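Peer 1: If you scroll down you'll find the structure; I have some questions about it.
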Amino acid sequence: GQQVQQSPTSLVLQEGENAELQCNFSTSLNSMQWFYQRPGGSLVSVFYNPSGTKQSGRLTSTTVIKERRSSLHISSSQITDSGTYLCAMVTGGSNAKLTFGKGTKLSVKS
Amino acid sequence: GALVYQYPRRTICKSGTSMRMECQAVGFQATSVAWYRQSPQKTFELIALSTVNSAIKYEQNFTQEKFPISHPNLSFSSMTVLNAYLEDRGLYLCGARASTSSNERLFFGHGTKLSVL
């Protein structure tokens with residue numbers, strides 16, 4: 001089965017609305033990362049979040065490792081936030097590897 | 001800060017030819033490099049994990065004969081897609097792990113987008 005489940009699959013917002021993206025993991029993990037993939041394809045790491053809450057501008061990530069879940073909150077969304085948000089779990093110890101979810105496709109409209 | 005440069009950003013190759021992509025770690029020593037592929041409409045799959053001075057470990061469905069990887073030092077890795085065909089299209093991503101890191105964070109390049117004609 002799928003080890004990393006993201007929801008929703010897609011989301012359409014009006015500019016200025018908030019978004020809450022969820023990520024759930026089916027197995028134990030060491031940590032996790034959130035990524036933003038631009039419509040053109042390139043990937044940007046948004047948060048590396050072993051546990052707890054991290055904030056960067058309008059983005060806030062909250063991870064509860066023992067409950068195997070993480071969320072990404074986007075406040076006051078902007079058109080430029082459009083793209084795909086991927087979460088990935090980190091496992092594997094010294095040779096850490098990532099297992100990606102399928103992503104949440106976000107469209108922000110004016 | 002730690003950066004990973006990956007190049008080329010985009011490339012097009014003819015069916016049956018090969019193309020090489022490179023990954024450069026800047027500002028840290030990359031003891032482990034992971035190569036991923038995102039095929040159209042799919043999420044990222046791990047191709048292989050490479051650790052300096054160790055054997056490269058390929059995931060199921062990926063082989064050294066098809067995706068040979070070189071990881072000669074702590075700042076550089078390359079991967080070649082041999083005899084590329086349509087099913088090899090996608091975004092190839094390298095992620096590097098810092099040797100001095102006490103956690104397991106991977107730093108990623110922007111990816112190489114491969115199109116096959």
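How things are named: the first chain in the structure tokens is A, the next is B, and so on; residues count from 1 in each chain; ligands count from 1 in the order shown.
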Please find the residues of chain A near chain B - the criterion being any atom within 6 Å, counting only C-alpha atoms - and write them as a PyMOL selection string.

Peer 2: chain A and resi 42-43+96+100+102

Peer 1: May I have the residues from that selection written out with N, CA, C and O atoms, as a PDB file, in the first residue's frame?

Peer 2:
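What landed in selection08.pdb:
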```
ATOM      1  N   SER A  42      10.451  22.197 -11.525  1.00  0.00           N
ATOM      2  CA  SER A  42      11.560  22.185 -10.570  1.00  0.00           C
ATOM      3  C   SER A  42      11.049  22.103  -9.139  1.00  0.00           C
ATOM      4  O   SER A  42       9.941  22.525  -8.830  1.00  0.00           O
ATOM      5  N   LEU A  43      11.871  21.533  -8.278  1.00  0.00           N
ATOM      6  CA  LEU A  43      11.472  21.234  -6.902  1.00  0.00           C
ATOM      7  C   LEU A  43      12.223  22.121  -5.928  1.00  0.00           C
ATOM      8  O   LEU A  43      13.414  22.337  -6.070  1.00  0.00           O
ATOM      9  N   ALA A  96      19.833   7.766   4.481  1.00  0.00           N
ATOM     10  CA  ALA A  96      18.441   8.215   4.508  1.00  0.00           C
ATOM     11  C   ALA A  96      17.872   8.317   3.112  1.00  0.00           C
ATOM     12  O   ALA A  96      18.510   8.820   2.195  1.00  0.00           O
ATOM     13  N   PHE A 100       8.111   9.734  -1.415  1.00  0.00           N
ATOM     14  CA  PHE A 100       7.248  10.865  -1.686  1.00  0.00           C
ATOM     15  C   PHE A 100       5.780  10.467  -1.727  1.00  0.00           C
ATOM     16  O   PHE A 100       5.432   9.358  -2.129  1.00  0.00           O
ATOM     17  N   LYS A 102       1.947  11.667  -3.408  1.00  0.00           N
ATOM     18  CA  LYS A 102       1.580  12.018  -4.782  1.00  0.00           C
ATOM     19  C   LYS A 102       1.335  13.509  -4.957  1.00  0.00           C
ATOM     20  O   LYS A 102       1.197  13.986  -6.077  1.00  0.00           O
TER      21      LYS A 102
END
```

Peer 1: Fewer than 6 positions away in the same chain doesn't count, so skip those; otherwise give me all residues within 7 Å of Ser70 of chain B, counting only C-alpha atoms, as a list in words.

Peer 2: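 Answer for this query is Ser77, Ser78 and Met79 of chain B.
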
Peer 1: The selected residues should be written to file as an mmCIF file, in the first residue's frame (atoms: N, CA, C and O atoms).

Peer 2:
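Result file is result04.cif:
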```cif
data_model
loop_
_atom_site.group_PDB
_atom_site.id
_atom_site.type_symbol
_atom_site.label_atom_id
_atom_site.label_comp_id
_atom_site.auth_asym_id
_atom_site.auth_seq_id
_atom_site.Cartn_x
_atom_site.Cartn_y
_atom_site.Cartn_z
ATOM 1 N N SER B 77 28.309 13.967 -8.270
ATOM 2 C CA SER B 77 27.736 12.700 -8.710
ATOM 3 C C SER B 77 27.123 12.908 -10.085
ATOM 4 O O SER B 77 26.679 14.014 -10.419
ATOM 5 N N SER B 78 27.145 11.862 -10.879
ATOM 6 C CA SER B 78 26.495 11.936 -12.181
ATOM 7 C C SER B 78 25.722 10.652 -12.429
ATOM 8 O O SER B 78 26.046 9.594 -11.872
ATOM 9 N N MET B 79 24.699 10.785 -13.244
ATOM 10 C CA MET B 79 23.923 9.615 -13.646
ATOM 11 C C MET B 79 23.652 9.726 -15.132
ATOM 12 O O MET B 79 23.369 10.812 -15.636
#
```

Peer 1: Show me, as a list in words, the residues that have an atom within 9 Å of Phe67 of chain B when counting only C-alpha atoms, minus same-chain residues fewer than 4 positions from it.

Peer 2: Ile47, Ala48, Phe62, Thr63, Met79, Thr80, Val81 and Leu82 of chain B

Peer 1: Would you list the contacts of Tyr85 of chain B as a compact mmCIF listing (two decimals) with N, CA and C atoms, in the first residue's frame, taking every protein, DNA or RNA residue within 12 Å and counting only C-alpha atoms, but skipping same-chain residues closer than 5 positions in sequence?

Peer 2:
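Listing of selection.txt after writing:
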```
# COMPACT_ATOMS: atom_id res chain seq x y z
N ILE B 12 16.82 17.39 -24.25
CA ILE B 12 16.02 16.58 -25.18
C ILE B 12 16.98 15.63 -25.86
N CYS B 13 16.60 14.37 -25.93
CA CYS B 13 17.45 13.44 -26.65
C CYS B 13 16.60 12.58 -27.58
N LYS B 14 17.26 12.09 -28.60
CA LYS B 14 16.56 11.21 -29.53
C LYS B 14 16.41 9.83 -28.93
N SER B 15 15.34 9.18 -29.28
CA SER B 15 15.07 7.83 -28.80
C SER B 15 16.25 6.92 -29.11
N GLY B 16 16.71 6.18 -28.11
CA GLY B 16 17.82 5.26 -28.30
C GLY B 16 19.19 5.84 -27.98
N THR B 17 19.24 7.14 -27.76
CA THR B 17 20.52 7.76 -27.39
C THR B 17 20.59 7.89 -25.87
N SER B 18 21.71 8.37 -25.38
CA SER B 18 21.94 8.45 -23.94
C SER B 18 22.19 9.89 -23.53
N MET B 19 21.89 10.17 -22.28
CA MET B 19 22.19 11.51 -21.79
C MET B 19 22.66 11.44 -20.33
N LYS B 66 21.17 0.34 -16.95
CA LYS B 66 20.33 1.36 -17.58
C LYS B 66 20.65 2.77 -17.04
N GLY B 90 10.80 12.43 -18.03
CA GLY B 90 10.42 12.85 -16.69
C GLY B 90 11.43 13.81 -16.09
N LEU B 114 13.94 15.60 -18.63
CA LEU B 114 14.33 14.86 -19.83
C LEU B 114 13.13 14.64 -20.73
N SER B 115 13.28 15.07 -21.96
CA SER B 115 12.28 14.79 -22.99
C SER B 115 12.94 13.85 -24.02
N VAL B 116 12.18 12.91 -24.52
CA VAL B 116 12.70 11.95 -25.49
C VAL B 116 11.86 12.02 -26.76
N LEU B 117 12.54 12.24 -27.88
CA LEU B 117 11.81 12.35 -29.16
C LEU B 117 11.79 11.02 -29.89
```

Peer 1: Need the shell around Leu98 of chain A: protein/DNA/RNA residues with any atom at most 8 Å away, counting only C-alpha atoms. Skip same-chain ones fewer than 6 positions apart. Format as a list in words?

Peer 2: Ala88, Met89, Val90 and Thr91 of chain A; Leu46 of chain B

Peer 1: Let me see the file: selected residues, all heavy atoms, as a PDB file, in the first residue's frame.

Peer 2:
```pdb
ATOM      1  N   ALA A  88       7.299  14.173   1.907  1.00  0.00           N
ATOM      2  CA  ALA A  88       8.087  12.945   1.800  1.00  0.00           C
ATOM      3  C   ALA A  88       8.555  12.529   3.180  1.00  0.00           C
ATOM      4  O   ALA A  88       8.921  13.379   4.000  1.00  0.00           O
ATOM      5  CB  ALA A  88       9.291  13.170   0.889  1.00  0.00           C
ATOM      6  N   MET A  89       8.552  11.234   3.428  1.00  0.00           N
ATOM      7  CA  MET A  89       9.054  10.775   4.720  1.00  0.00           C
ATOM      8  C   MET A  89      10.499  10.331   4.566  1.00  0.00           C
ATOM      9  O   MET A  89      10.909   9.827   3.512  1.00  0.00           O
ATOM     10  CB  MET A  89       8.192   9.646   5.283  1.00  0.00           C
ATOM     11  CG  MET A  89       8.228   8.342   4.541  1.00  0.00           C
ATOM     12  SD  MET A  89       7.241   7.130   5.454  1.00  0.00           S
ATOM     13  CE  MET A  89       7.659   5.649   4.548  1.00  0.00           C
ATOM     14  N   VAL A  90      11.233  10.560   5.624  1.00  0.00           N
ATOM     15  CA  VAL A  90      12.647  10.234   5.650  1.00  0.00           C
ATOM     16  C   VAL A  90      12.832   8.983   6.486  1.00  0.00           C
ATOM     17  O   VAL A  90      12.429   8.929   7.639  1.00  0.00           O
ATOM     18  CB  VAL A  90      13.478  11.385   6.260  1.00  0.00           C
ATOM     19  CG1 VAL A  90      14.954  11.046   6.238  1.00  0.00           C
ATOM     20  CG2 VAL A  90      13.217  12.682   5.507  1.00  0.00           C
ATOM     21  N   THR A  91      13.442   7.973   5.901  1.00  0.00           N
ATOM     22  CA  THR A  91      13.723   6.742   6.629  1.00  0.00           C
ATOM     23  C   THR A  91      15.128   6.280   6.260  1.00  0.00           C
ATOM     24  O   THR A  91      15.762   6.847   5.375  1.00  0.00           O
ATOM     25  CB  THR A  91      12.732   5.614   6.241  1.00  0.00           C
ATOM     26  OG1 THR A  91      12.786   5.419   4.827  1.00  0.00           O
ATOM     27  CG2 THR A  91      11.312   5.958   6.657  1.00  0.00           C
TER      28      THR A  91
ATOM     29  N   LEU B  46      12.497   6.560  -6.126  1.00  0.00           N
ATOM     30  CA  LEU B  46      13.926   6.458  -5.897  1.00  0.00           C
ATOM     31  C   LEU B  46      14.528   5.513  -6.927  1.00  0.00           C
ATOM     32  O   LEU B  46      14.049   4.389  -7.096  1.00  0.00           O
ATOM     33  CB  LEU B  46      14.197   5.948  -4.488  1.00  0.00           C
ATOM     34  CG  LEU B  46      15.648   5.733  -4.093  1.00  0.00           C
ATOM     35  CD1 LEU B  46      16.408   7.065  -4.090  1.00  0.00           C
ATOM     36  CD2 LEU B  46      15.746   5.069  -2.727  1.00  0.00           C
TER      37      LEU B  46
END
```

Peer 1: Give the strand (DSSP E or B) residues of chain B, as DSSP finds them on the backbone, and put them as a tab-separated table (two decimals) with N, CA and C atoms, in the first residue's frame.

Peer 2:
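Output (out_10.tsv):
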```
chain	number	residue	atom	x	y	z
B	3	LEU	N	24.04	24.01	-0.85
B	3	LEU	CA	23.33	24.07	-2.12
B	3	LEU	C	23.66	22.85	-2.95
B	4	VAL	N	22.72	22.50	-3.82
B	4	VAL	CA	22.97	21.43	-4.78
B	4	VAL	C	22.63	21.96	-6.16
B	5	TYR	N	23.64	21.94	-7.03
B	5	TYR	CA	23.41	22.36	-8.41
B	5	TYR	C	23.27	21.12	-9.27
B	6	GLN	N	22.24	21.14	-10.08
B	6	GLN	CA	22.01	20.01	-10.96
B	6	GLN	C	21.91	20.55	-12.38
B	7	TYR	N	22.54	19.89	-13.32
B	7	TYR	CA	22.53	20.34	-14.71
B	7	TYR	C	22.67	19.18	-15.68
B	10	ARG	N	17.25	21.26	-18.44
B	10	ARG	CA	16.36	20.60	-19.39
B	10	ARG	C	17.20	19.99	-20.49
B	11	THR	N	16.75	18.88	-21.02
B	11	THR	CA	17.46	18.28	-22.13
B	11	THR	C	16.50	17.46	-22.98
B	12	ILE	N	16.82	17.39	-24.25
B	12	ILE	CA	16.02	16.58	-25.18
B	12	ILE	C	16.98	15.63	-25.86
B	13	CYS	N	16.60	14.37	-25.93
B	13	CYS	CA	17.45	13.44	-26.65
B	13	CYS	C	16.60	12.58	-27.58
B	19	MET	N	21.89	10.17	-22.28
B	19	MET	CA	22.19	11.51	-21.79
B	19	MET	C	22.66	11.44	-20.33
B	20	ARG	N	23.54	12.35	-20.00
B	20	ARG	CA	24.17	12.36	-18.68
B	20	ARG	C	23.76	13.61	-17.93
B	21	MET	N	23.46	13.44	-16.66
B	21	MET	CA	23.12	14.57	-15.82
B	21	MET	C	24.06	14.59	-14.62
B	22	GLU	N	24.31	15.79	-14.12
B	22	GLU	CA	25.32	15.95	-13.09
B	22	GLU	C	24.76	16.68	-11.88
B	23	CYS	N	25.38	16.41	-10.76
B	23	CYS	CA	24.90	16.95	-9.50
B	23	CYS	C	26.12	17.42	-8.70
B	24	GLN	N	26.12	18.67	-8.31
B	24	GLN	CA	27.26	19.25	-7.62
B	24	GLN	C	26.82	19.78	-6.26
B	25	ALA	N	27.46	19.32	-5.21
B	25	ALA	CA	27.17	19.84	-3.87
B	25	ALA	C	28.09	21.01	-3.57
B	26	VAL	N	27.54	22.09	-3.09
B	26	VAL	CA	28.32	23.29	-2.77
B	26	VAL	C	28.09	23.65	-1.31
B	30	ALA	N	29.00	15.78	0.42
B	30	ALA	CA	27.88	14.87	0.17
B	30	ALA	C	28.36	13.42	0.22
B	31	THR	N	28.16	12.79	1.37
B	31	THR	CA	28.54	11.38	1.45
B	31	THR	C	27.52	10.48	0.79
B	32	SER	N	26.27	10.88	0.78
B	32	SER	CA	25.23	10.09	0.14
B	32	SER	C	24.50	10.95	-0.89
B	33	VAL	N	24.28	10.36	-2.04
B	33	VAL	CA	23.50	11.03	-3.09
B	33	VAL	C	22.40	10.09	-3.53
B	34	ALA	N	21.19	10.59	-3.56
B	34	ALA	CA	20.04	9.81	-4.01
B	34	ALA	C	19.52	10.39	-5.32
B	35	TRP	N	19.26	9.53	-6.27
B	35	TRP	CA	18.69	9.95	-7.55
B	35	TRP	C	17.23	9.49	-7.63
B	36	TYR	N	16.36	10.43	-8.04
B	36	TYR	CA	14.93	10.14	-8.15
B	36	TYR	C	14.44	10.46	-9.55
B	37	ARG	N	13.31	9.87	-9.90
B	37	ARG	CA	12.67	10.20	-11.16
B	37	ARG	C	11.18	10.44	-10.92
B	38	GLN	N	10.66	11.49	-11.53
B	38	GLN	CA	9.23	11.74	-11.54
B	38	GLN	C	8.75	11.60	-12.98
B	44	PHE	N	7.59	11.07	-7.24
B	44	PHE	CA	9.00	10.73	-7.35
B	44	PHE	C	9.28	9.30	-6.89
B	45	GLU	N	10.08	8.59	-7.69
B	45	GLU	CA	10.53	7.25	-7.32
B	45	GLU	C	12.03	7.29	-7.11
B	46	LEU	N	12.50	6.56	-6.13
B	46	LEU	CA	13.93	6.46	-5.90
B	46	LEU	C	14.53	5.51	-6.93
B	47	ILE	N	15.58	5.98	-7.60
B	47	ILE	CA	16.29	5.14	-8.56
B	47	ILE	C	17.40	4.38	-7.85
B	48	ALA	N	18.24	5.13	-7.14
B	48	ALA	CA	19.37	4.50	-6.46
B	48	ALA	C	19.94	5.43	-5.41
B	49	LEU	N	20.59	4.82	-4.43
B	49	LEU	CA	21.32	5.55	-3.39
B	49	LEU	C	22.80	5.27	-3.56
B	50	SER	N	23.59	6.32	-3.59
B	50	SER	CA	25.02	6.18	-3.77
B	50	SER	C	25.76	6.76	-2.58
B	51	THR	N	26.64	5.98	-1.99
B	51	THR	CA	27.46	6.45	-0.88
B	51	THR	C	28.92	6.29	-1.27
B	57	LYS	N	23.30	1.30	-4.42
B	57	LYS	CA	22.14	0.43	-4.22
B	57	LYS	C	20.99	0.90	-5.10
B	58	TYR	N	20.61	0.05	-6.05
B	58	TYR	CA	19.51	0.38	-6.96
B	58	TYR	C	18.19	-0.19	-6.43
B	69	ILE	N	25.68	5.19	-12.41
B	69	ILE	CA	25.92	6.34	-11.55
B	69	ILE	C	27.40	6.37	-11.18
B	70	SER	N	27.94	7.59	-11.16
B	70	SER	CA	29.30	7.80	-10.68
B	70	SER	C	29.27	8.75	-9.50
B	71	HIS	N	29.99	8.42	-8.47
B	71	HIS	CA	30.05	9.28	-7.27
B	71	HIS	C	31.51	9.29	-6.81
B	72	PRO	N	32.38	9.98	-7.56
B	72	PRO	CA	33.82	9.85	-7.34
B	72	PRO	C	34.36	10.60	-6.13
B	73	ASN	N	33.65	11.60	-5.66
B	73	ASN	CA	34.15	12.37	-4.52
B	73	ASN	C	32.98	12.96	-3.74
B	76	PHE	N	30.48	15.59	-5.96
B	76	PHE	CA	29.98	15.40	-7.32
B	76	PHE	C	29.40	14.01	-7.52
B	77	SER	N	28.31	13.97	-8.27
B	77	SER	CA	27.74	12.70	-8.71
B	77	SER	C	27.12	12.91	-10.08
B	78	SER	N	27.14	11.86	-10.88
B	78	SER	CA	26.49	11.94	-12.18
B	78	SER	C	25.72	10.65	-12.43
B	79	MET	N	24.70	10.79	-13.24
B	79	MET	CA	23.92	9.62	-13.65
B	79	MET	C	23.65	9.73	-15.13
B	80	THR	N	23.75	8.61	-15.82
B	80	THR	CA	23.46	8.56	-17.25
B	80	THR	C	22.21	7.73	-17.48
B	81	VAL	N	21.38	8.18	-18.38
B	81	VAL	CA	20.23	7.39	-18.83
B	81	VAL	C	20.64	6.81	-20.18
B	90	GLY	N	10.80	12.43	-18.03
B	90	GLY	CA	10.42	12.85	-16.69
B	90	GLY	C	11.43	13.81	-16.09
B	91	LEU	N	11.22	14.07	-14.82
B	91	LEU	CA	12.11	14.97	-14.08
B	91	LEU	C	13.01	14.11	-13.20
B	92	TYR	N	14.31	14.25	-13.39
B	92	TYR	CA	15.28	13.51	-12.60
B	92	TYR	C	15.87	14.44	-11.55
B	93	LEU	N	15.91	13.95	-10.35
B	93	LEU	CA	16.29	14.80	-9.22
B	93	LEU	C	17.42	14.15	-8.42
B	94	CYS	N	18.40	14.93	-8.05
B	94	CYS	CA	19.41	14.39	-7.15
B	94	CYS	C	19.28	15.07	-5.79
B	95	GLY	N	19.46	14.29	-4.74
B	95	GLY	CA	19.43	14.80	-3.39
B	95	GLY	C	20.70	14.37	-2.69
B	96	ALA	N	21.35	15.27	-2.00
B	96	ALA	CA	22.62	14.95	-1.35
B	96	ALA	C	22.51	15.15	0.15
B	97	ARG	N	23.15	14.24	0.87
B	97	ARG	CA	23.12	14.32	2.33
B	97	ARG	C	24.51	14.70	2.82
B	98	ALA	N	24.53	15.66	3.74
B	98	ALA	CA	25.79	16.17	4.26
B	98	ALA	C	26.40	15.21	5.27
B	106	LEU	N	18.11	15.76	3.28
B	106	LEU	CA	18.65	15.73	1.93
B	106	LEU	C	18.45	17.11	1.31
B	107	PHE	N	19.49	17.62	0.68
B	107	PHE	CA	19.40	18.88	-0.06
B	107	PHE	C	19.25	18.53	-1.54
B	108	PHE	N	18.31	19.18	-2.19
B	108	PHE	CA	17.98	18.82	-3.56
B	108	PHE	C	18.37	19.88	-4.57
B	112	THR	N	16.55	17.72	-13.48
B	112	THR	CA	16.83	17.72	-14.92
B	112	THR	C	15.61	17.16	-15.61
B	113	LYS	N	15.01	17.96	-16.46
B	113	LYS	CA	13.82	17.50	-17.16
B	113	LYS	C	14.23	16.87	-18.48
B	114	LEU	N	13.94	15.60	-18.63
B	114	LEU	CA	14.33	14.86	-19.83
B	114	LEU	C	13.13	14.64	-20.73
B	115	SER	N	13.28	15.07	-21.96
B	115	SER	CA	12.28	14.79	-22.99
B	115	SER	C	12.94	13.85	-24.02
B	116	VAL	N	12.18	12.91	-24.52
B	116	VAL	CA	12.70	11.95	-25.49
B	116	VAL	C	11.86	12.02	-26.76
```

Peer 1: Run DSSP on the backbone and grab whatever in chain A lands in helix (DSSP H, G or I); send it over as a PDB file with N, CA, C and O atoms, in the first residue's frame.

Peer 2:
```
ATOM      1  N   ILE A  65       5.517  13.307  14.807  1.00  0.00           N
ATOM      2  CA  ILE A  65       6.141  12.082  14.315  1.00  0.00           C
ATOM      3  C   ILE A  65       5.472  10.840  14.893  1.00  0.00           C
ATOM      4  O   ILE A  65       5.186   9.885  14.163  1.00  0.00           O
ATOM      5  N   LYS A  66       5.200  10.835  16.198  1.00  0.00           N
ATOM      6  CA  LYS A  66       4.651   9.621  16.813  1.00  0.00           C
ATOM      7  C   LYS A  66       3.251   9.312  16.285  1.00  0.00           C
ATOM      8  O   LYS A  66       2.798   8.175  16.349  1.00  0.00           O
ATOM      9  N   GLU A  67       2.560  10.322  15.777  1.00  0.00           N
ATOM     10  CA  GLU A  67       1.237  10.098  15.191  1.00  0.00           C
ATOM     11  C   GLU A  67       1.335   9.947  13.670  1.00  0.00           C
ATOM     12  O   GLU A  67       0.321   9.819  12.989  1.00  0.00           O
ATOM     13  N   ILE A  79      -1.540  34.040  -5.881  1.00  0.00           N
ATOM     14  CA  ILE A  79      -1.537  33.330  -7.159  1.00  0.00           C
ATOM     15  C   ILE A  79      -0.222  32.601  -7.366  1.00  0.00           C
ATOM     16  O   ILE A  79      -0.176  31.491  -7.900  1.00  0.00           O
ATOM     17  N   THR A  80       0.843  33.195  -6.913  1.00  0.00           N
ATOM     18  CA  THR A  80       2.171  32.594  -7.079  1.00  0.00           C
ATOM     19  C   THR A  80       2.392  31.367  -6.198  1.00  0.00           C
ATOM     20  O   THR A  80       3.410  30.686  -6.336  1.00  0.00           O
ATOM     21  N   ASP A  81       1.453  31.081  -5.296  1.00  0.00           N
ATOM     22  CA  ASP A  81       1.533  29.851  -4.497  1.00  0.00           C
ATOM     23  C   ASP A  81       1.079  28.638  -5.297  1.00  0.00           C
ATOM     24  O   ASP A  81       1.249  27.493  -4.844  1.00  0.00           O
ATOM     25  N   GLY A  93      18.074   5.680   8.259  1.00  0.00           N
ATOM     26  CA  GLY A  93      19.285   5.857   9.053  1.00  0.00           C
ATOM     27  C   GLY A  93      20.384   6.571   8.300  1.00  0.00           C
ATOM     28  O   GLY A  93      20.170   7.630   7.732  1.00  0.00           O
ATOM     29  N   SER A  94      21.575   5.972   8.254  1.00  0.00           N
ATOM     30  CA  SER A  94      22.734   6.665   7.679  1.00  0.00           C
ATOM     31  C   SER A  94      22.617   6.843   6.176  1.00  0.00           C
ATOM     32  O   SER A  94      23.251   7.701   5.595  1.00  0.00           O
ATOM     33  N   ASN A  95      21.847   6.038   5.533  1.00  0.00           N
ATOM     34  CA  ASN A  95      21.594   6.222   4.097  1.00  0.00           C
ATOM     35  C   ASN A  95      20.157   6.629   3.897  1.00  0.00           C
ATOM     36  O   ASN A  95      19.380   5.946   3.245  1.00  0.00           O
TER      37      ASN A  95
END
```

Peer 1: Considering only C-alpha atoms, state which residue in the set B:Gln60, B:Ser75, B:Glu65, B:Pro8 is at the smallest distance from Gln29 of chain B.

Peer 2: B:Ser75

Peer 1: Find, counting only C-alpha atoms, the residue in B:Pro68, B:Val52, B:Leu74, B:Pro40 that gets nearest to Asp88 of chain B.

Peer 2: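 That would be B:Pro40, the residue with the smallest distance to Asp88 of chain B.
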
Peer 1: Give me the residues near segment 50-52 of chain A as an mmCIF file with all heavy atoms, in the first residue's frame, where near means some atom within 9 Å (using only C-alpha atoms) and where sequence neighbours in that chain fewer than 4 positions away do not count.

Peer 2:
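Writing the result to out09.cif gives the following:
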```cif
data_model
loop_
_atom_site.group_PDB
_atom_site.id
_atom_site.type_symbol
_atom_site.label_atom_id
_atom_site.label_comp_id
_atom_site.auth_asym_id
_atom_site.auth_seq_id
_atom_site.Cartn_x
_atom_site.Cartn_y
_atom_site.Cartn_z
ATOM 1 N N ASN A 30 11.701 8.687 10.455
ATOM 2 C CA ASN A 30 12.647 9.495 11.224
ATOM 3 C C ASN A 30 12.284 10.966 11.169
ATOM 4 O O ASN A 30 12.434 11.702 12.145
ATOM 5 C CB ASN A 30 14.068 9.317 10.684
ATOM 6 C CG ASN A 30 14.540 7.888 10.778
ATOM 7 O OD1 ASN A 30 14.056 7.117 11.603
ATOM 8 N ND2 ASN A 30 15.471 7.518 9.927
ATOM 9 N N SER A 31 11.850 11.387 10.003
ATOM 10 C CA SER A 31 11.551 12.797 9.796
ATOM 11 C C SER A 31 10.775 12.936 8.498
ATOM 12 O O SER A 31 10.442 11.949 7.870
ATOM 13 C CB SER A 31 12.863 13.584 9.711
ATOM 14 O OG SER A 31 12.592 14.946 9.559
ATOM 15 N N MET A 32 10.508 14.182 8.121
ATOM 16 C CA MET A 32 9.809 14.379 6.871
ATOM 17 C C MET A 32 10.185 15.736 6.274
ATOM 18 O O MET A 32 10.729 16.607 6.968
ATOM 19 C CB MET A 32 8.283 14.262 7.067
ATOM 20 C CG MET A 32 7.640 15.280 7.987
ATOM 21 S SD MET A 32 7.328 16.874 7.174
ATOM 22 C CE MET A 32 6.300 16.345 5.814
ATOM 23 N N GLN A 33 9.909 15.888 4.981
ATOM 24 C CA GLN A 33 10.145 17.154 4.305
ATOM 25 C C GLN A 33 8.937 17.531 3.467
ATOM 26 O O GLN A 33 8.251 16.667 2.911
ATOM 27 C CB GLN A 33 11.373 17.049 3.360
ATOM 28 C CG GLN A 33 12.702 17.344 4.021
ATOM 29 C CD GLN A 33 13.890 17.310 3.087
ATOM 30 O OE1 GLN A 33 14.503 16.291 2.867
ATOM 31 N NE2 GLN A 33 14.229 18.459 2.532
ATOM 32 N N SER A 61 4.416 24.613 9.026
ATOM 33 C CA SER A 61 4.374 23.157 9.005
ATOM 34 C C SER A 61 4.322 22.636 10.427
ATOM 35 O O SER A 61 5.068 23.098 11.284
ATOM 36 C CB SER A 61 5.611 22.619 8.293
ATOM 37 O OG SER A 61 5.724 21.222 8.498
ATOM 38 N N THR A 62 3.430 21.681 10.673
ATOM 39 C CA THR A 62 3.340 21.042 11.986
ATOM 40 C C THR A 62 3.441 19.536 11.796
ATOM 41 O O THR A 62 2.638 18.944 11.061
ATOM 42 C CB THR A 62 2.022 21.392 12.688
ATOM 43 O OG1 THR A 62 1.960 22.814 12.871
ATOM 44 C CG2 THR A 62 1.939 20.707 14.043
ATOM 45 N N THR A 63 4.421 18.933 12.452
ATOM 46 C CA THR A 63 4.652 17.497 12.324
ATOM 47 C C THR A 63 4.575 16.839 13.696
ATOM 48 O O THR A 63 5.169 17.324 14.652
ATOM 49 C CB THR A 63 6.022 17.219 11.695
ATOM 50 O OG1 THR A 63 6.046 17.775 10.377
ATOM 51 C CG2 THR A 63 6.301 15.732 11.614
ATOM 52 N N VAL A 64 3.810 15.751 13.770
ATOM 53 C CA VAL A 64 3.752 14.937 14.984
ATOM 54 C C VAL A 64 4.233 13.553 14.584
ATOM 55 O O VAL A 64 3.474 12.733 14.057
ATOM 56 C CB VAL A 64 2.328 14.886 15.573
ATOM 57 C CG1 VAL A 64 2.337 14.133 16.897
ATOM 58 C CG2 VAL A 64 1.767 16.293 15.764
ATOM 59 N N ILE A 65 5.517 13.307 14.807
ATOM 60 C CA ILE A 65 6.141 12.082 14.315
ATOM 61 C C ILE A 65 5.472 10.840 14.893
ATOM 62 O O ILE A 65 5.186 9.885 14.163
ATOM 63 C CB ILE A 65 7.647 12.072 14.642
ATOM 64 C CG1 ILE A 65 8.401 13.028 13.700
ATOM 65 C CG2 ILE A 65 8.220 10.659 14.528
ATOM 66 C CD1 ILE A 65 8.495 12.550 12.272
ATOM 67 N N SER A 70 1.699 15.082 9.273
ATOM 68 C CA SER A 70 2.217 16.437 9.165
ATOM 69 C C SER A 70 1.219 17.265 8.381
ATOM 70 O O SER A 70 0.458 16.734 7.560
ATOM 71 C CB SER A 70 3.577 16.432 8.452
ATOM 72 O OG SER A 70 4.095 17.748 8.363
ATOM 73 N N ASN B 103 21.341 14.949 11.407
ATOM 74 C CA ASN B 103 20.034 14.425 11.043
ATOM 75 C C ASN B 103 20.124 13.883 9.621
ATOM 76 O O ASN B 103 21.184 13.713 9.068
ATOM 77 C CB ASN B 103 18.946 15.496 11.197
ATOM 78 C CG ASN B 103 19.294 16.752 10.421
ATOM 79 O OD1 ASN B 103 19.803 16.678 9.319
ATOM 80 N ND2 ASN B 103 19.048 17.898 11.014
#
```

Peer 1: So how many Å separate atom CA of Gln3 of chain A and atom CA of Cys23 of chain A, to one decimal?

Peer 2: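 Between these atoms lies a distance of 10.3 Å.
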